[in-house]
$ cat start.cif   # mmCIF, C-alpha atoms
data_run
#
loop_
_atom_site.label_atom_id
_atom_site.label_comp_id
_atom_site.auth_asym_id
_atom_site.auth_seq_id
_atom_site.Cartn_x
_atom_site.Cartn_y
_atom_site.Cartn_z
CA TYR A 1 -38.12 -10.03 -72.41
CA LEU A 2 -39.39 -9.52 -68.89
CA TYR A 3 -38.71 -6.03 -67.61
CA ILE A 4 -39.08 -5.23 -63.94
CA PHE A 5 -39.52 -1.47 -63.73
CA GLU A 6 -39.23 1.16 -61.07
CA ASP A 7 -42.07 3.68 -60.86
CA ASP A 8 -41.99 7.13 -59.28
CA ASP A 9 -43.11 5.88 -55.86
CA TYR A 10 -39.60 4.73 -54.91
CA GLU A 11 -39.27 7.86 -52.75
CA ARG A 12 -41.86 6.42 -50.32
CA PHE A 13 -39.23 3.84 -49.38
CA TYR A 14 -36.37 6.20 -48.50
CA PRO A 15 -33.77 5.73 -47.11
CA LEU A 16 -33.78 2.11 -48.35
CA THR A 17 -34.11 3.19 -51.98
CA VAL A 18 -31.39 5.84 -52.04
CA ASN A 19 -29.05 3.39 -53.76
CA ARG A 20 -31.42 0.69 -55.03
CA ALA A 21 -34.88 0.16 -56.50
CA VAL A 22 -37.82 -1.03 -54.43
CA TYR A 23 -37.66 -4.33 -56.33
CA GLN A 24 -34.16 -4.87 -54.89
CA LEU A 25 -35.54 -5.03 -51.35
CA ARG A 26 -36.04 -8.35 -49.63
CA LEU A 27 -39.52 -9.58 -48.79
CA GLY A 28 -39.51 -13.08 -47.40
CA ILE A 29 -36.58 -15.14 -48.62
CA ASP A 30 -36.05 -13.38 -51.96
CA LEU A 31 -35.67 -9.88 -53.31
CA LEU A 32 -38.84 -8.71 -55.04
CA TYR A 33 -37.32 -8.91 -58.53
CA GLU A 34 -36.04 -12.44 -57.85
CA LYS A 35 -39.61 -13.58 -57.18
CA TRP A 36 -40.68 -12.27 -60.61
CA SER A 37 -37.64 -13.76 -62.30
CA GLY A 38 -38.44 -17.17 -60.82
CA LEU A 39 -42.05 -17.06 -62.08
CA ALA A 40 -41.09 -16.01 -65.59
CA SER A 41 -37.85 -17.93 -66.01
CA ARG A 42 -38.44 -18.55 -69.72
CA HIS A 43 -38.15 -14.80 -70.38
CA GLU A 44 -34.84 -12.95 -70.42
CA LEU A 45 -34.82 -10.60 -67.43
CA ARG A 46 -33.98 -6.91 -67.67
CA LEU A 47 -34.27 -4.18 -65.07
CA LEU A 48 -35.35 -0.56 -65.43
CA ILE A 49 -34.00 1.83 -62.80
CA ARG A 50 -32.98 5.45 -62.25
CA GLY A 51 -30.07 6.23 -64.57
CA HIS A 52 -27.44 6.97 -61.92
CA LEU A 53 -28.04 3.51 -60.38
CA ALA A 54 -28.02 1.49 -63.62
CA GLY A 55 -24.30 0.62 -63.65
CA LEU A 56 -24.21 -0.35 -59.97
CA THR A 57 -27.41 -2.39 -60.30
CA ALA A 58 -26.12 -4.25 -63.36
CA GLN A 59 -22.91 -5.03 -61.47
CA ARG A 60 -24.77 -6.20 -58.34
CA THR A 61 -27.33 -8.33 -60.17
CA GLY A 62 -25.64 -9.40 -63.39
CA VAL A 63 -28.80 -8.27 -65.22
CA ALA A 64 -28.89 -5.74 -68.08
CA CYS A 65 -30.34 -2.41 -66.95
CA ASN A 66 -32.13 0.25 -68.98
CA SER A 67 -31.60 -1.57 -72.27
CA PHE A 68 -34.45 -1.69 -74.76
CA SER A 69 -32.55 -3.38 -77.58
CA GLY A 70 -34.58 -6.16 -79.17
CA VAL A 71 -38.00 -4.93 -77.99
CA SER A 72 -39.00 -3.94 -81.50
CA ASP A 73 -38.39 -7.46 -82.81
CA GLY A 74 -39.25 -9.55 -79.75
CA GLY A 75 -41.78 -7.54 -77.78
CA ALA A 76 -41.68 -7.27 -74.00
CA MET A 77 -43.56 -7.80 -70.80
CA PHE A 78 -43.20 -5.01 -68.22
CA VAL A 79 -44.02 -5.53 -64.53
CA ASN A 80 -44.00 -2.89 -61.80
CA GLY A 81 -41.44 -4.02 -59.23
CA ARG A 82 -43.59 -2.86 -56.29
CA TYR A 83 -46.20 -5.53 -57.03
CA LEU A 84 -45.84 -8.97 -55.49
CA ALA A 85 -44.96 -11.78 -57.86
CA ASP A 86 -48.11 -13.47 -59.06
CA ARG A 87 -48.38 -16.54 -61.33
CA GLU A 88 -51.85 -15.45 -62.47
CA LEU A 89 -50.54 -12.08 -63.66
CA ILE A 90 -47.60 -13.63 -65.55
CA ASP A 91 -49.91 -16.19 -67.19
CA LYS A 92 -52.38 -13.47 -68.14
CA LEU A 93 -49.67 -11.34 -69.73
CA SER A 94 -48.09 -14.33 -71.49
CA SER A 95 -51.41 -15.37 -73.00
CA MET A 96 -52.33 -11.93 -74.39
CA ASP A 97 -52.30 -11.69 -78.13
CA ARG A 98 -51.98 -7.91 -78.31
CA SER A 99 -50.37 -5.01 -76.52
CA CYS A 100 -52.17 -3.77 -73.42
CA LEU A 101 -51.85 -2.16 -69.99
CA LEU A 102 -53.05 -3.66 -66.73
CA LEU A 103 -54.01 -1.19 -64.03
CA ASP A 104 -54.88 -1.58 -60.36
CA ASP A 105 -57.04 1.32 -59.24
CA GLY A 106 -55.40 3.54 -61.87
CA ALA A 107 -51.80 2.51 -61.06
CA LEU A 108 -49.76 0.76 -63.75
CA VAL A 109 -49.13 -2.85 -62.73
CA ALA A 110 -47.95 -4.32 -66.02
CA ALA A 111 -47.80 -3.79 -69.75
CA MET A 112 -47.49 -6.13 -72.68
CA VAL A 113 -45.88 -4.64 -75.78
CA GLU A 114 -46.08 -6.74 -78.90
CA PRO A 115 -43.22 -6.80 -81.43
CA ARG A 116 -43.29 -4.65 -84.53
CA THR A 117 -45.64 -2.06 -83.03
CA ASP A 118 -45.14 1.69 -82.79
CA GLU A 119 -44.79 1.37 -79.02
CA ALA A 120 -42.05 -1.26 -79.35
CA ALA A 121 -40.17 0.84 -81.91
CA ASN A 122 -40.45 3.95 -79.72
CA LEU A 123 -39.27 2.08 -76.63
CA GLU A 124 -36.27 0.76 -78.51
CA LYS A 125 -35.27 4.37 -79.27
CA LEU A 126 -35.11 5.26 -75.54
CA LYS A 127 -31.54 5.80 -74.42
CA TYR A 128 -32.32 5.96 -70.68
CA TRP A 129 -35.05 4.95 -68.25
CA GLY A 130 -37.62 7.53 -67.35
CA TYR A 131 -40.95 6.36 -65.95
CA GLY A 132 -42.72 9.42 -67.38
CA HIS A 133 -41.30 8.78 -70.87
CA PHE A 134 -42.29 5.13 -70.63
CA LYS A 135 -45.87 5.97 -69.64
CA GLU A 136 -46.11 8.52 -72.45
CA ILE A 137 -45.07 5.91 -75.05
CA ILE A 138 -47.54 3.24 -73.87
CA LYS A 139 -50.46 5.46 -72.80
CA SER A 140 -52.56 4.72 -75.91
CA LEU A 141 -52.54 0.93 -75.38
CA PRO A 142 -55.85 -0.72 -74.44
CA LYS A 143 -56.36 -0.85 -70.69
CA GLY A 144 -57.61 -3.60 -68.44
CA GLU A 145 -58.11 -3.79 -64.69
CA ILE A 146 -56.51 -6.27 -62.34
CA SER A 147 -56.42 -6.49 -58.58
CA THR A 148 -53.11 -7.60 -57.12
CA ARG A 149 -50.96 -7.00 -54.07
CA LYS A 150 -48.21 -4.44 -53.77
CA VAL A 151 -45.95 -2.73 -51.30
CA ARG A 152 -47.09 0.86 -50.80
CA HIS A 153 -45.01 1.94 -47.86
CA ILE A 154 -41.82 0.94 -46.11
CA TRP A 155 -43.73 -0.68 -43.25
CA ASP A 156 -45.42 -3.08 -45.70
CA PHE A 157 -42.15 -5.03 -45.73
CA ILE A 158 -42.57 -5.72 -42.03
CA GLU A 159 -46.28 -6.48 -42.25
CA LEU A 160 -46.02 -8.84 -45.24
CA ASN A 161 -42.75 -10.54 -44.30
CA PRO A 162 -44.11 -13.48 -42.21
CA GLU A 163 -46.60 -14.46 -44.92
CA GLN A 164 -43.95 -14.17 -47.65
CA ILE A 165 -41.43 -16.24 -45.68
CA THR A 166 -44.05 -18.99 -45.38
CA LYS A 167 -44.90 -18.85 -49.11
CA ASP A 168 -41.24 -18.80 -50.12
CA PHE A 169 -40.42 -21.71 -47.81
CA GLU A 170 -43.26 -23.76 -49.32
CA ARG A 171 -42.03 -22.91 -52.83
CA VAL A 172 -38.46 -23.95 -51.97
CA GLN A 173 -39.66 -27.19 -50.34
CA ASN A 174 -41.93 -28.09 -53.29
CA PRO A 175 -40.25 -26.79 -56.46
#

$ encode --input "start.cif" --output "structure tokens"
Amino acid sequence: YLYIFEDDDYERFYPLTVNRAVYQLRLGIDLLYEKWSGLASRHELRLLIRGHLAGLTAQRTGVACNSFSGVSDGGAMFVNGRYLADRELIDKLSSMDRSCLLLDDGALVAAMVEPRTDEAANLEKLKYWGYGHFKEIIKSLPKGEISTRKVRHIWDFIELNPEQITKDFERVQNP
């Protein structure tokens, strides 16, 4: 599974994130989560979002929200939806042979949770999404550093948009 998750910094993007996650905002041609989904198309996509938005988000996207069923048996890859889709990051996570966290200057970018681990079993027991609960479950995993791009503030969508439109156009022209 590929989970795109919402961290606690969604409030920096108000009012745009009152009724959606940051990863549901458009940057370039696609929504942020669509960019990740395209890079990791061989993984089943799931979204993690504030509980009161889960039903609406599932209806809008057609993607299961806040469901951890199957993580214990299949493992999962988690990616912070504020980070820009990156082939290198997906490849790095896909090639890891054990559970781990990837941090960018202390912020959680991604996590790989292997099947049949305590972390996978504990995640599968979660009945709702809570970023704090998630971090508590995975905090003991080995940590690695990675440097990658993210949106930090609402104005980043304006600043990064021309570059992302160009990249997306090139991707669409040369699939």

$ axis_aligned_box --input "start.cif" --around "range 155-158 of chain A" --padding-each-side "5 Å" --output "AutoDock Vina command-line options"
--center_x -43.8 --center_y -3.2 --center_z -43.9 --size_x 13.3 --size_y 15.0 --size_z 13.7

$ atom_distance --input "start.cif" --atom1 "CA of Asp105 in chain A" --atom2 "CA of Leu16 in chain A"
25.7 Å

$ residues_around --input "start.cif" --residues "Phe134 in chain A" --least-positions-apart "2" --cutoff "12 Å" --atoms "all atoms listed in the file" --output "MDAnalysis selection string"
chainID A and resid 5:8 48:49 66 68 78 108 110:111 113 119:120 122:132 136:140

$ resolve_selection --input "start.cif" --expression "the PyMOL selection byres ((chain A and resi 88) around 12)" --output "PyMOL selection string"
chain A and resi 36+39-40+84-87+89-95+146-149

$ residues_around --input "start.cif" --residues "Ser72 in chain A" --least-positions-apart "4" --cutoff "6 Å" --atoms "only C-alpha atoms" --output "number ranges by chain"
A: 115-116, 120-121

$ closest_residue --input "start.cif" --among "A:Ala107, A:Ala21, A:Gln59, A:Ser67" --to "Leu45 in chain A" --atoms "all atoms listed in the file"
A:Ser67

$ resolve_selection --input "start.cif" --expression "the PyMOL selection byres ((chain A and resi 22-30) around 7)" --output "count of residues only"
17

$ atom_distance --input "start.cif" --atom1 "CA of Phe13 in chain A" --atom2 "CA of Leu141 in chain A"
29.4 Å

$ resolve_selection --input "start.cif" --expression "the PyMOL selection byres ((chain A and resi 143) around 8)" --output "ChimeraX atom specification"
/A:100-103,141-142,144-145

$ atom_distance --input "start.cif" --atom1 "CA of Asp73 in chain A" --atom2 "CA of Arg46 in chain A"
15.8 Å

$ closest_residue --input "start.cif" --among "A:Met112, A:Gly62, A:Asn19, A:Ala54" --to "Leu2 in chain A" --atoms "all atoms listed in the file"
A:Met112

$ closest_residue --input "start.cif" --among "A:Leu160, A:Ile4, A:Ile154, A:Cys65" --to "His43 in chain A" --atoms "only C-alpha atoms"
A:Ile4

$ build_atoms --input "start.cif" --residues "range 96-107 of chain A" --atoms "all heavy atoms" --output "mmCIF file, keeping the file's coordinate frame"
data_model
loop_
_atom_site.group_PDB
_atom_site.id
_atom_site.type_symbol
_atom_site.label_atom_id
_atom_site.label_comp_id
_atom_site.auth_asym_id
_atom_site.auth_seq_id
_atom_site.Cartn_x
_atom_site.Cartn_y
_atom_site.Cartn_z
ATOM 1 N N MET A 96 -51.713 -13.028 -73.615
ATOM 2 C CA MET A 96 -52.330 -11.930 -74.390
ATOM 3 C C MET A 96 -51.802 -11.938 -75.810
ATOM 4 O O MET A 96 -50.623 -12.163 -76.045
ATOM 5 C CB MET A 96 -52.073 -10.607 -73.706
ATOM 6 C CG MET A 96 -52.731 -10.539 -72.360
ATOM 7 S SD MET A 96 -52.895 -8.856 -71.845
ATOM 8 C CE MET A 96 -54.152 -9.060 -70.610
ATOM 9 N N ASP A 97 -52.698 -11.682 -76.725
ATOM 10 C CA ASP A 97 -52.300 -11.690 -78.130
ATOM 11 C C ASP A 97 -52.156 -10.289 -78.706
ATOM 12 O O ASP A 97 -52.020 -10.120 -79.896
ATOM 13 C CB ASP A 97 -53.306 -12.506 -78.952
ATOM 14 C CG ASP A 97 -54.720 -11.966 -78.847
ATOM 15 O OD1 ASP A 97 -54.951 -11.041 -78.050
ATOM 16 O OD2 ASP A 97 -55.587 -12.474 -79.573
ATOM 17 N N ARG A 98 -52.195 -9.282 -77.836
ATOM 18 C CA ARG A 98 -51.980 -7.910 -78.310
ATOM 19 C C ARG A 98 -51.442 -7.065 -77.164
ATOM 20 O O ARG A 98 -51.513 -7.447 -76.004
ATOM 21 C CB ARG A 98 -53.263 -7.302 -78.848
ATOM 22 C CG ARG A 98 -54.380 -7.212 -77.835
ATOM 23 C CD ARG A 98 -55.676 -6.738 -78.510
ATOM 24 N NE ARG A 98 -56.762 -6.761 -77.550
ATOM 25 C CZ ARG A 98 -57.169 -5.708 -76.858
ATOM 26 N NH1 ARG A 98 -56.596 -4.552 -77.020
ATOM 27 N NH2 ARG A 98 -58.167 -5.803 -76.001
ATOM 28 N N SER A 99 -50.905 -5.917 -77.520
ATOM 29 C CA SER A 99 -50.370 -5.010 -76.520
ATOM 30 C C SER A 99 -51.479 -4.481 -75.629
ATOM 31 O O SER A 99 -52.603 -4.265 -76.087
ATOM 32 C CB SER A 99 -49.682 -3.823 -77.208
ATOM 33 O OG SER A 99 -48.585 -4.256 -77.983
ATOM 34 N N CYS A 100 -51.172 -4.288 -74.343
ATOM 35 C CA CYS A 100 -52.170 -3.770 -73.420
ATOM 36 C C CYS A 100 -51.508 -3.306 -72.130
ATOM 37 O O CYS A 100 -50.335 -3.604 -71.876
ATOM 38 C CB CYS A 100 -53.225 -4.817 -73.098
ATOM 39 S SG CYS A 100 -52.577 -6.142 -72.083
ATOM 40 N N LEU A 101 -52.274 -2.589 -71.323
ATOM 41 C CA LEU A 101 -51.850 -2.160 -69.990
ATOM 42 C C LEU A 101 -52.777 -2.805 -68.976
ATOM 43 O O LEU A 101 -53.970 -2.939 -69.216
ATOM 44 C CB LEU A 101 -51.988 -0.640 -69.844
ATOM 45 C CG LEU A 101 -51.246 0.232 -70.834
ATOM 46 C CD1 LEU A 101 -51.563 1.704 -70.580
ATOM 47 C CD2 LEU A 101 -49.764 -0.018 -70.742
ATOM 48 N N LEU A 102 -52.240 -3.173 -67.832
ATOM 49 C CA LEU A 102 -53.050 -3.660 -66.730
ATOM 50 C C LEU A 102 -52.891 -2.689 -65.565
ATOM 51 O O LEU A 102 -51.758 -2.405 -65.149
ATOM 52 C CB LEU A 102 -52.640 -5.066 -66.315
ATOM 53 C CG LEU A 102 -52.926 -6.156 -67.341
ATOM 54 C CD1 LEU A 102 -52.390 -7.500 -66.861
ATOM 55 C CD2 LEU A 102 -54.418 -6.254 -67.631
ATOM 56 N N LEU A 103 -54.011 -2.187 -65.088
ATOM 57 C CA LEU A 103 -54.010 -1.190 -64.030
ATOM 58 C C LEU A 103 -54.696 -1.739 -62.790
ATOM 59 O O LEU A 103 -55.613 -2.548 -62.887
ATOM 60 C CB LEU A 103 -54.751 0.070 -64.489
ATOM 61 C CG LEU A 103 -54.308 0.681 -65.815
ATOM 62 C CD1 LEU A 103 -55.259 1.793 -66.241
ATOM 63 C CD2 LEU A 103 -52.893 1.201 -65.719
ATOM 64 N N ASP A 104 -54.253 -1.266 -61.639
ATOM 65 C CA ASP A 104 -54.880 -1.580 -60.360
ATOM 66 C C ASP A 104 -55.265 -0.257 -59.735
ATOM 67 O O ASP A 104 -54.393 0.486 -59.268
ATOM 68 C CB ASP A 104 -53.910 -2.357 -59.467
ATOM 69 C CG ASP A 104 -54.511 -2.749 -58.127
ATOM 70 O OD1 ASP A 104 -55.703 -2.483 -57.893
ATOM 71 O OD2 ASP A 104 -53.778 -3.325 -57.307
ATOM 72 N N ASP A 105 -56.540 0.060 -59.772
ATOM 73 C CA ASP A 105 -57.040 1.320 -59.240
ATOM 74 C C ASP A 105 -56.294 2.517 -59.833
ATOM 75 O O ASP A 105 -55.894 3.440 -59.137
ATOM 76 C CB ASP A 105 -56.944 1.315 -57.716
ATOM 77 C CG ASP A 105 -57.860 2.342 -57.075
ATOM 78 O OD1 ASP A 105 -58.876 2.714 -57.695
ATOM 79 O OD2 ASP A 105 -57.538 2.789 -55.948
ATOM 80 N N GLY A 106 -56.045 2.456 -61.145
ATOM 81 C CA GLY A 106 -55.400 3.540 -61.870
ATOM 82 C C GLY A 106 -53.881 3.482 -61.900
ATOM 83 O O GLY A 106 -53.245 4.212 -62.648
ATOM 84 N N ALA A 107 -53.260 2.628 -61.086
ATOM 85 C CA ALA A 107 -51.800 2.510 -61.060
ATOM 86 C C ALA A 107 -51.350 1.433 -62.043
ATOM 87 O O ALA A 107 -51.965 0.377 -62.135
ATOM 88 C CB ALA A 107 -51.324 2.162 -59.655
#
